[in-house]
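File shown: coords_39.cif (mmCIF, C-alpha atoms).
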```
data_entry
#
loop_
_atom_site.label_atom_id
_atom_site.label_comp_id
_atom_site.auth_asym_id
_atom_site.auth_seq_id
_atom_site.Cartn_x
_atom_site.Cartn_y
_atom_site.Cartn_z
CA MET A 1 -32.29 70.12 -49.78
CA SER A 2 -28.80 70.92 -50.92
CA GLY A 3 -27.75 73.07 -53.83
CA LYS A 4 -26.75 69.80 -55.49
CA LEU A 5 -30.46 69.14 -56.03
CA ASP A 6 -30.70 72.44 -57.93
CA GLN A 7 -27.57 71.76 -60.01
CA SER A 8 -28.37 68.30 -61.36
CA GLY A 9 -28.29 68.04 -65.13
CA GLU A 10 -31.32 65.73 -65.19
CA ASP A 11 -34.98 66.48 -65.77
CA LEU A 12 -36.90 67.09 -62.56
CA TRP A 13 -40.05 65.21 -61.57
CA VAL A 14 -42.49 66.91 -59.18
CA PHE A 15 -45.38 65.10 -57.48
CA ALA A 16 -48.53 67.22 -57.13
CA TYR A 17 -51.41 66.29 -54.83
CA GLY A 18 -53.03 69.66 -54.01
CA SER A 19 -53.18 72.97 -55.84
CA LEU A 20 -50.13 72.08 -57.93
CA MET A 21 -52.45 69.64 -59.77
CA TRP A 22 -54.60 72.39 -61.26
CA ARG A 23 -52.27 75.38 -60.92
CA PRO A 24 -48.65 74.25 -61.13
CA GLY A 25 -47.21 77.70 -61.88
CA PHE A 26 -44.12 76.31 -63.65
CA SER A 27 -43.31 75.08 -67.15
CA PHE A 28 -43.25 71.33 -67.70
CA LEU A 29 -42.59 68.86 -70.48
CA ASP A 30 -44.95 66.14 -69.33
CA ARG A 31 -47.97 65.82 -67.02
CA ARG A 32 -48.91 62.27 -66.02
CA PRO A 33 -51.31 60.72 -63.53
CA ALA A 34 -49.25 59.11 -60.79
CA ARG A 35 -49.44 57.36 -57.43
CA LEU A 36 -47.33 57.77 -54.33
CA VAL A 37 -47.24 54.88 -51.84
CA GLY A 38 -46.60 55.47 -48.15
CA ALA A 39 -48.47 58.75 -47.73
CA HIS A 40 -52.02 59.95 -48.30
CA ARG A 41 -53.64 63.28 -49.15
CA ALA A 42 -55.30 64.82 -46.11
CA LEU A 43 -56.71 68.18 -45.11
CA CYS A 44 -54.29 68.23 -42.20
CA VAL A 45 -52.50 71.59 -42.41
CA TYR A 46 -53.79 74.80 -40.86
CA SER A 47 -53.22 77.49 -43.46
CA PHE A 48 -51.88 80.75 -42.04
CA VAL A 49 -50.92 82.37 -45.36
CA HIS A 50 -52.43 81.10 -48.63
CA ARG A 51 -55.92 80.06 -47.44
CA GLY A 52 -56.18 81.54 -43.96
CA THR A 53 -54.45 83.59 -41.28
CA PRO A 54 -53.05 82.70 -37.85
CA HIS A 55 -56.22 84.18 -36.29
CA ARG A 56 -58.62 82.51 -38.74
CA PRO A 57 -56.81 79.53 -40.21
CA GLY A 58 -58.02 77.70 -43.24
CA LEU A 59 -57.18 74.08 -43.99
CA VAL A 60 -55.03 72.77 -46.83
CA PHE A 61 -53.68 69.43 -47.97
CA GLY A 62 -50.59 67.71 -46.78
CA LEU A 63 -49.13 64.33 -47.56
CA ASP A 64 -49.55 62.51 -44.25
CA ARG A 65 -48.12 59.13 -43.20
CA GLY A 66 -49.60 55.89 -44.49
CA GLY A 67 -51.73 54.78 -47.40
CA ASN A 68 -51.26 56.06 -50.92
CA CYS A 69 -52.08 59.14 -52.92
CA ARG A 70 -53.11 59.63 -56.51
CA GLY A 71 -51.92 62.84 -58.07
CA ILE A 72 -49.94 64.26 -60.97
CA ALA A 73 -46.26 63.82 -61.81
CA TYR A 74 -44.78 66.71 -63.77
CA ARG A 75 -41.54 66.37 -65.71
CA VAL A 76 -39.58 69.61 -65.89
CA ALA A 77 -36.71 70.16 -68.35
CA ALA A 78 -33.25 69.98 -66.79
CA GLY A 79 -32.59 73.57 -67.85
CA LYS A 80 -35.53 74.78 -65.77
CA ARG A 81 -34.78 72.57 -62.77
CA ALA A 82 -33.18 75.19 -60.49
CA LYS A 83 -35.76 77.87 -61.35
CA THR A 84 -38.63 75.43 -60.67
CA ILE A 85 -37.19 74.35 -57.32
CA ARG A 86 -36.76 78.00 -56.28
CA TYR A 87 -40.38 78.67 -57.27
CA LEU A 88 -41.67 75.62 -55.37
CA ARG A 89 -39.72 76.53 -52.24
CA ALA A 90 -41.14 80.06 -52.30
CA ARG A 91 -44.66 78.69 -52.75
CA GLU A 92 -44.63 75.60 -50.53
CA GLN A 93 -42.16 76.55 -47.80
CA VAL A 94 -43.61 79.89 -46.66
CA THR A 95 -43.99 78.63 -43.06
CA MET A 96 -41.85 75.46 -43.37
CA VAL A 97 -44.82 73.18 -42.58
CA TYR A 98 -43.71 70.82 -45.36
CA ARG A 99 -40.52 68.79 -45.64
CA GLU A 100 -38.96 68.80 -49.09
CA THR A 101 -38.09 65.23 -49.98
CA TRP A 102 -37.68 62.72 -52.79
CA ARG A 103 -40.17 59.89 -53.14
CA ARG A 104 -40.71 57.16 -55.68
CA VAL A 105 -43.96 57.63 -57.62
CA TRP A 106 -45.54 55.23 -60.08
CA LEU A 107 -46.86 56.55 -63.38
CA ASP A 108 -50.42 55.32 -63.90
CA ASP A 109 -50.18 54.88 -67.66
CA ASP A 110 -47.29 52.44 -67.14
CA PRO A 111 -47.54 50.71 -63.73
CA GLN A 112 -44.05 49.26 -64.19
CA GLN A 113 -42.50 52.72 -64.56
CA ASN A 114 -41.57 54.75 -61.54
CA VAL A 115 -39.60 57.96 -61.07
CA TYR A 116 -38.10 59.82 -58.14
CA ALA A 117 -40.08 62.99 -57.67
CA LEU A 118 -39.72 66.04 -55.50
CA CYS A 119 -42.52 65.98 -52.90
CA TYR A 120 -43.65 68.17 -50.05
CA ILE A 121 -44.60 66.00 -47.04
CA VAL A 122 -46.27 67.53 -43.97
CA ASP A 123 -44.09 67.93 -40.88
CA CYS A 124 -46.19 66.29 -38.17
CA GLY A 125 -44.26 68.18 -35.48
CA HIS A 126 -45.06 71.62 -36.93
CA GLN A 127 -47.54 73.90 -35.15
CA GLN A 128 -49.69 74.02 -38.31
CA TYR A 129 -50.16 70.25 -38.41
CA ALA A 130 -53.86 69.69 -37.69
CA GLY A 131 -53.76 65.91 -37.59
CA ARG A 132 -56.89 63.92 -38.31
CA LEU A 133 -59.97 66.14 -38.09
CA THR A 134 -63.61 65.11 -38.42
CA LEU A 135 -65.48 66.25 -41.53
CA SER A 136 -67.38 68.77 -39.38
CA GLU A 137 -64.11 70.22 -38.07
CA GLN A 138 -62.72 70.36 -41.60
CA LEU A 139 -65.86 72.17 -42.78
CA HIS A 140 -65.43 74.80 -40.05
CA TYR A 141 -61.87 75.66 -41.09
CA VAL A 142 -62.64 75.53 -44.81
CA ARG A 143 -65.56 77.93 -44.39
CA GLN A 144 -63.63 80.45 -42.29
CA GLY A 145 -60.32 80.37 -44.18
CA ARG A 146 -59.33 83.17 -46.53
CA GLY A 147 -55.73 84.07 -47.30
CA ARG A 148 -53.54 85.67 -49.92
CA SER A 149 -54.46 82.96 -52.48
CA GLY A 150 -58.19 83.36 -51.83
CA PRO A 151 -60.94 81.50 -49.97
CA CYS A 152 -60.19 78.05 -48.63
CA ARG A 153 -63.59 76.97 -49.97
CA ASP A 154 -62.41 77.55 -53.55
CA TYR A 155 -59.25 75.52 -52.91
CA VAL A 156 -61.16 72.47 -51.65
CA LEU A 157 -63.76 72.62 -54.42
CA ALA A 158 -60.98 72.89 -57.04
CA ALA A 159 -59.35 69.78 -55.54
CA VAL A 160 -62.61 67.82 -55.68
CA LYS A 161 -63.11 68.85 -59.31
CA GLU A 162 -59.53 68.01 -60.34
CA LEU A 163 -59.64 64.59 -58.69
CA GLU A 164 -62.92 63.78 -60.41
CA VAL A 165 -61.51 64.94 -63.77
CA GLN A 166 -58.64 62.51 -63.15
CA GLY A 167 -61.19 59.76 -62.48
CA TYR A 168 -60.63 59.53 -58.72
CA ARG A 169 -63.25 59.95 -56.05
CA ASP A 170 -62.28 60.48 -52.44
CA ALA A 171 -65.55 59.78 -50.59
CA ASP A 172 -64.88 62.07 -47.62
CA LEU A 173 -63.57 64.89 -49.77
CA HIS A 174 -66.60 64.58 -52.06
CA ILE A 175 -68.96 64.80 -49.06
CA LEU A 176 -67.06 67.82 -47.77
CA GLY A 177 -67.39 69.43 -51.20
CA GLU A 178 -71.16 68.88 -51.12
CA TRP A 179 -71.37 70.42 -47.66
CA ILE A 180 -69.33 73.42 -48.79
CA LYS A 181 -71.70 73.97 -51.71
CA GLY A 182 -74.68 73.57 -49.38
CA ILE A 183 -75.87 70.26 -50.81
CA HIS A 184 -77.09 67.91 -48.09
CA GLU A 185 -75.86 70.40 -45.52
CA LYS A 186 -75.12 68.74 -42.22
CA ALA A 187 -77.03 70.29 -39.36
CA SER A 188 -74.69 71.83 -36.82
CA GLY A 189 -74.63 70.49 -33.31
#
```

Would you put the structure from the file into structure tokens?
Amino acid sequence: MSGKLDQSGEDLWVFAYGSLMWRPGFSFLDRRPARLVGAHRALCVYSFVHRGTPHRPGLVFGLDRGGNCRGIAYRVAAGKRAKTIRYLRAREQVTMVYRETWRRVWLDDDPQQNVYALCYIVDCGHQQYAGRLTLSEQLHYVRQGRGRSGPCRDYVLAAVKELEVQGYRDADLHILGEWIKGIHEKASG
């Protein structure tokens, strides 16, 4: 994105769908449940830094094409806009697997209200794009992944918890969370 994005005198909206939901790492004025249409949350990114390494990748979320995604919209004061964007770029763009873009998101507490929010969408042409993996394949990468932000297991379990706190239940992600914790463990093979 251009420097113009950093220089705007308006408040900044950021759409969070992964770890930014429970650990934003920036100051905000408002935190609201929100929905993005046209992309869905998926464990579709091999993590080479935060939750894995190139030799033992973990798996993290990306916004992938199609569907919709429930998450959090944060409103950041205009005066902290440039600092927040710099922080997000350093955090989200380590390997450039995400495309920084603007998307319209709807605020859940007022379905008629929408805002343009900064989003990080997975680049499907990037080497870290995992595509659609089975739950068993996801479990493998989640179990093996450990990076500079900790075990991949903790990341996925935190996402399950945050989504449930928000009142959402992603059936596949919930099952994966149970497998990670060892509940109803799927036999390998």

Per residue of region 34-146 of chain A within 8 Å of region 153-175 of chain A, note the shortest atom pair and the distance in Å to one decimal, counting all atoms listed in the file, and order the rows by chain and increasing residue number, as a Markdown table.
```
| residue | atom | partner | partner_atom | distance |
| --- | --- | --- | --- | --- |
| A:Arg51 | CA | A:Tyr155 | CA | 7.8 |
| A:Val60 | CA | A:Val156 | CA | 7.8 |
| A:Arg70 | CA | A:Tyr168 | CA | 7.8 |
| A:Gly71 | CA | A:Leu163 | CA | 7.9 |
| A:Leu135 | CA | A:Asp172 | CA | 7.4 |
| A:Val142 | CA | A:Arg153 | CA | 5.4 |
| A:Arg143 | CA | A:Arg153 | CA | 6.0 |
| A:Gly145 | CA | A:Arg153 | CA | 7.5 |
```

Q) Using all atoms listed in the file, which of A:Ala39, A:Leu118, A:Gly62, A:Ala77 sits nearest Arg89 (chain A)? A)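 When distances to Arg89 (chain A) are compared using all atoms listed in the file, the smallest one comes from A:Leu118.
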
Q: Identify which of the residues A:His126, A:Arg132, A:Lys80, A:Arg104 lies closest to Arg35 (chain A), counting all atoms listed in the file when measuring atom-to-atom distances.
A: A:Arg104

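Ranking A:Cys124, A:Ala42, A:Val94, A:Ala16 by their shortest atom-to-atom distance to Leu63 (chain A), with all atoms listed in the file included, puts A:Ala42 first.
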
Q: Spell out the residues picked by the PyMOL selection byres ((chain A and resi 138) around 9) here, as a list of chain:residue names.
A: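 Applying the PyMOL selection byres ((chain A and resi 138) around 9) to the structure shown produces A:Leu43, A:Cys44, A:Gly58, A:Leu59, A:Leu133, A:Thr134, A:Leu135, A:Ser136, A:Glu137, A:Leu139, A:His140, A:Tyr141, A:Val142, A:Arg143, A:Leu176.
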
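In this structure, CA of Arg91 (chain A) sits 21.7 Å away from CA of Gln144 (chain A).
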
Q: Tell me, in Å to one decimal, how far CA of Ala130 (chain A) is from CA of Arg99 (chain A).
A: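 Separation of CA of Ala130 (chain A) and CA of Arg99 (chain A): 15.6 Å.
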
Q: Tell me, in Å to one decimal, how far CA of Tyr98 (chain A) is from CA of Gln112 (chain A).
A: 28.6 Å

(Q) I want to know what sits within 12 Å of Thr95 (chain A), based on all atoms listed in the file, with residues of the same chain fewer than 5 positions away left out; could you give that as a ChimeraX atom specification? (A) /A:45-50,53-54,89-90,122-123,126-129

Would you compute the box with edges along x, y and z of the file around region 99-103 of chain A, including every atom the file lists for it and 8 Å extra on each side, and give its centre and edge lengths in Å to one decimal, as AutoDock Vina command-line options?
```
--center_x -39.1 --center_y 64.3 --center_z -49.4 --size_x 18.8 --size_y 24.9 --size_z 23.5
```

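Of the residues listed (A:Leu107, A:Val14, A:Met21, A:Ala117), A:Leu107 shows the shortest atom-to-atom separation from Pro33 (chain A); distances use only C-alpha atoms.
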
Residues of region 65-116 of chain A within 7 Å of region 26-29 of chain A: nearest atom pair and distance (Å, one decimal) for each, counting only C-alpha atoms, sorted by chain and number, as CSV?
```
residue,atom,partner,partner_atom,distance
A:Tyr74,CA,A:Phe28,CA,6.3
A:Arg75,CA,A:Leu29,CA,5.5
A:Val76,CA,A:Phe28,CA,4.4
A:Ala77,CA,A:Leu29,CA,6.4
A:Thr84,CA,A:Phe26,CA,6.3
```

(Q) the PyMOL selection byres ((chain A and resi 102) around 12) - which residues does that actually catch in the file I just gave you? List them as a PyMOL selection string. (A) chain A and resi 1+5+12-15+36+99-101+103-105+115-121

Q. Restricting the calculation to all atoms listed in the file, which member of A:Ala34, A:Met96, A:Cys69, A:Leu88 is positioned closest to Pro111 (chain A)?
A. A:Ala34

Q: In the coordinate frame of the file, compute which residues have an atom within 6 Å of (-53.8, 70.9, -52.1) when using only C-alpha atoms, and state them as a PyMOL selection string.
A: chain A and resi 17-19+60-61

Incomplete region 35-67 of chain A filled out to N, CA and C atoms as a PDB file, in the coordinates of the input:
```pdb
ATOM      1  N   ARG A  35     -49.055  57.829 -58.768  1.00  0.00           N
ATOM      2  CA  ARG A  35     -49.440  57.360 -57.430  1.00  0.00           C
ATOM      3  C   ARG A  35     -48.209  57.289 -56.549  1.00  0.00           C
ATOM      4  N   LEU A  36     -48.370  57.820 -55.351  1.00  0.00           N
ATOM      5  CA  LEU A  36     -47.330  57.770 -54.330  1.00  0.00           C
ATOM      6  C   LEU A  36     -47.784  56.786 -53.264  1.00  0.00           C
ATOM      7  N   VAL A  37     -46.928  55.858 -52.884  1.00  0.00           N
ATOM      8  CA  VAL A  37     -47.240  54.880 -51.840  1.00  0.00           C
ATOM      9  C   VAL A  37     -46.509  55.281 -50.563  1.00  0.00           C
ATOM     10  N   GLY A  38     -47.208  55.170 -49.436  1.00  0.00           N
ATOM     11  CA  GLY A  38     -46.600  55.470 -48.150  1.00  0.00           C
ATOM     12  C   GLY A  38     -47.086  56.760 -47.518  1.00  0.00           C
ATOM     13  N   ALA A  39     -47.891  57.514 -48.256  1.00  0.00           N
ATOM     14  CA  ALA A  39     -48.470  58.750 -47.730  1.00  0.00           C
ATOM     15  C   ALA A  39     -49.805  58.973 -48.417  1.00  0.00           C
ATOM     16  N   HIS A  40     -50.699  59.669 -47.736  1.00  0.00           N
ATOM     17  CA  HIS A  40     -52.020  59.950 -48.300  1.00  0.00           C
ATOM     18  C   HIS A  40     -52.322  61.442 -48.222  1.00  0.00           C
ATOM     19  N   ARG A  41     -53.190  61.894 -49.123  1.00  0.00           N
ATOM     20  CA  ARG A  41     -53.640  63.280 -49.150  1.00  0.00           C
ATOM     21  C   ARG A  41     -54.612  63.481 -47.998  1.00  0.00           C
ATOM     22  N   ALA A  42     -54.395  64.530 -47.220  1.00  0.00           N
ATOM     23  CA  ALA A  42     -55.300  64.820 -46.110  1.00  0.00           C
ATOM     24  C   ALA A  42     -55.379  66.329 -45.893  1.00  0.00           C
ATOM     25  N   LEU A  43     -56.563  66.795 -45.537  1.00  0.00           N
ATOM     26  CA  LEU A  43     -56.710  68.180 -45.110  1.00  0.00           C
ATOM     27  C   LEU A  43     -56.214  68.236 -43.666  1.00  0.00           C
ATOM     28  N   CYS A  44     -54.919  68.365 -43.519  1.00  0.00           N
ATOM     29  CA  CYS A  44     -54.290  68.230 -42.200  1.00  0.00           C
ATOM     30  C   CYS A  44     -53.345  69.370 -41.861  1.00  0.00           C
ATOM     31  N   VAL A  45     -53.403  70.455 -42.631  1.00  0.00           N
ATOM     32  CA  VAL A  45     -52.500  71.590 -42.410  1.00  0.00           C
ATOM     33  C   VAL A  45     -53.332  72.852 -42.219  1.00  0.00           C
ATOM     34  N   TYR A  46     -53.163  73.493 -41.059  1.00  0.00           N
ATOM     35  CA  TYR A  46     -53.790  74.800 -40.860  1.00  0.00           C
ATOM     36  C   TYR A  46     -53.069  75.799 -41.748  1.00  0.00           C
ATOM     37  N   SER A  47     -53.822  76.514 -42.566  1.00  0.00           N
ATOM     38  CA  SER A  47     -53.220  77.490 -43.460  1.00  0.00           C
ATOM     39  C   SER A  47     -53.230  78.860 -42.803  1.00  0.00           C
ATOM     40  N   PHE A  48     -52.027  79.420 -42.641  1.00  0.00           N
ATOM     41  CA  PHE A  48     -51.880  80.750 -42.040  1.00  0.00           C
ATOM     42  C   PHE A  48     -51.568  81.813 -43.080  1.00  0.00           C
ATOM     43  N   VAL A  49     -51.332  81.414 -44.339  1.00  0.00           N
ATOM     44  CA  VAL A  49     -50.920  82.370 -45.360  1.00  0.00           C
ATOM     45  C   VAL A  49     -51.821  82.289 -46.588  1.00  0.00           C
ATOM     46  N   HIS A  50     -51.741  81.188 -47.339  1.00  0.00           N
ATOM     47  CA  HIS A  50     -52.430  81.100 -48.630  1.00  0.00           C
ATOM     48  C   HIS A  50     -53.951  81.006 -48.514  1.00  0.00           C
ATOM     49  N   ARG A  51     -54.464  80.275 -47.543  1.00  0.00           N
ATOM     50  CA  ARG A  51     -55.920  80.060 -47.440  1.00  0.00           C
ATOM     51  C   ARG A  51     -56.470  80.372 -46.060  1.00  0.00           C
ATOM     52  N   GLY A  52     -55.740  81.147 -45.284  1.00  0.00           N
ATOM     53  CA  GLY A  52     -56.180  81.540 -43.960  1.00  0.00           C
ATOM     54  C   GLY A  52     -55.158  82.458 -43.324  1.00  0.00           C
ATOM     55  N   THR A  53     -55.372  82.764 -42.051  1.00  0.00           N
ATOM     56  CA  THR A  53     -54.450  83.590 -41.280  1.00  0.00           C
ATOM     57  C   THR A  53     -54.235  82.897 -39.931  1.00  0.00           C
ATOM     58  N   PRO A  54     -53.231  83.318 -39.175  1.00  0.00           N
ATOM     59  CA  PRO A  54     -53.050  82.700 -37.850  1.00  0.00           C
ATOM     60  C   PRO A  54     -54.275  82.857 -36.957  1.00  0.00           C
ATOM     61  N   HIS A  55     -55.025  83.950 -37.126  1.00  0.00           N
ATOM     62  CA  HIS A  55     -56.220  84.180 -36.290  1.00  0.00           C
ATOM     63  C   HIS A  55     -57.461  83.473 -36.805  1.00  0.00           C
ATOM     64  N   ARG A  56     -57.496  83.228 -38.111  1.00  0.00           N
ATOM     65  CA  ARG A  56     -58.620  82.510 -38.740  1.00  0.00           C
ATOM     66  C   ARG A  56     -58.048  81.540 -39.763  1.00  0.00           C
ATOM     67  N   PRO A  57     -57.463  80.453 -39.276  1.00  0.00           N
ATOM     68  CA  PRO A  57     -56.810  79.530 -40.210  1.00  0.00           C
ATOM     69  C   PRO A  57     -57.791  78.816 -41.135  1.00  0.00           C
ATOM     70  N   GLY A  58     -57.311  78.583 -42.332  1.00  0.00           N
ATOM     71  CA  GLY A  58     -58.020  77.700 -43.240  1.00  0.00           C
ATOM     72  C   GLY A  58     -57.403  76.316 -43.094  1.00  0.00           C
ATOM     73  N   LEU A  59     -57.684  75.445 -44.037  1.00  0.00           N
ATOM     74  CA  LEU A  59     -57.180  74.080 -43.990  1.00  0.00           C
ATOM     75  C   LEU A  59     -56.755  73.686 -45.392  1.00  0.00           C
ATOM     76  N   VAL A  60     -55.523  73.184 -45.530  1.00  0.00           N
ATOM     77  CA  VAL A  60     -55.030  72.770 -46.830  1.00  0.00           C
ATOM     78  C   VAL A  60     -54.468  71.352 -46.747  1.00  0.00           C
ATOM     79  N   PHE A  61     -54.149  70.801 -47.907  1.00  0.00           N
ATOM     80  CA  PHE A  61     -53.680  69.430 -47.970  1.00  0.00           C
ATOM     81  C   PHE A  61     -52.217  69.292 -47.572  1.00  0.00           C
ATOM     82  N   GLY A  62     -51.949  68.148 -47.022  1.00  0.00           N
ATOM     83  CA  GLY A  62     -50.590  67.710 -46.780  1.00  0.00           C
ATOM     84  C   GLY A  62     -50.529  66.234 -47.135  1.00  0.00           C
ATOM     85  N   LEU A  63     -49.338  65.765 -47.433  1.00  0.00           N
ATOM     86  CA  LEU A  63     -49.130  64.330 -47.560  1.00  0.00           C
ATOM     87  C   LEU A  63     -48.805  63.826 -46.165  1.00  0.00           C
ATOM     88  N   ASP A  64     -49.703  63.020 -45.612  1.00  0.00           N
ATOM     89  CA  ASP A  64     -49.550  62.510 -44.250  1.00  0.00           C
ATOM     90  C   ASP A  64     -49.164  61.034 -44.326  1.00  0.00           C
ATOM     91  N   ARG A  65     -48.643  60.508 -43.243  1.00  0.00           N
ATOM     92  CA  ARG A  65     -48.120  59.130 -43.200  1.00  0.00           C
ATOM     93  C   ARG A  65     -49.190  58.081 -43.489  1.00  0.00           C
ATOM     94  N   GLY A  66     -48.774  57.063 -44.238  1.00  0.00           N
ATOM     95  CA  GLY A  66     -49.600  55.890 -44.490  1.00  0.00           C
ATOM     96  C   GLY A  66     -50.467  55.989 -45.720  1.00  0.00           C
ATOM     97  N   GLY A  67     -50.832  54.840 -46.260  1.00  0.00           N
ATOM     98  CA  GLY A  67     -51.730  54.780 -47.400  1.00  0.00           C
ATOM     99  C   GLY A  67     -51.039  55.100 -48.707  1.00  0.00           C
TER     100      GLY A  67
END
```
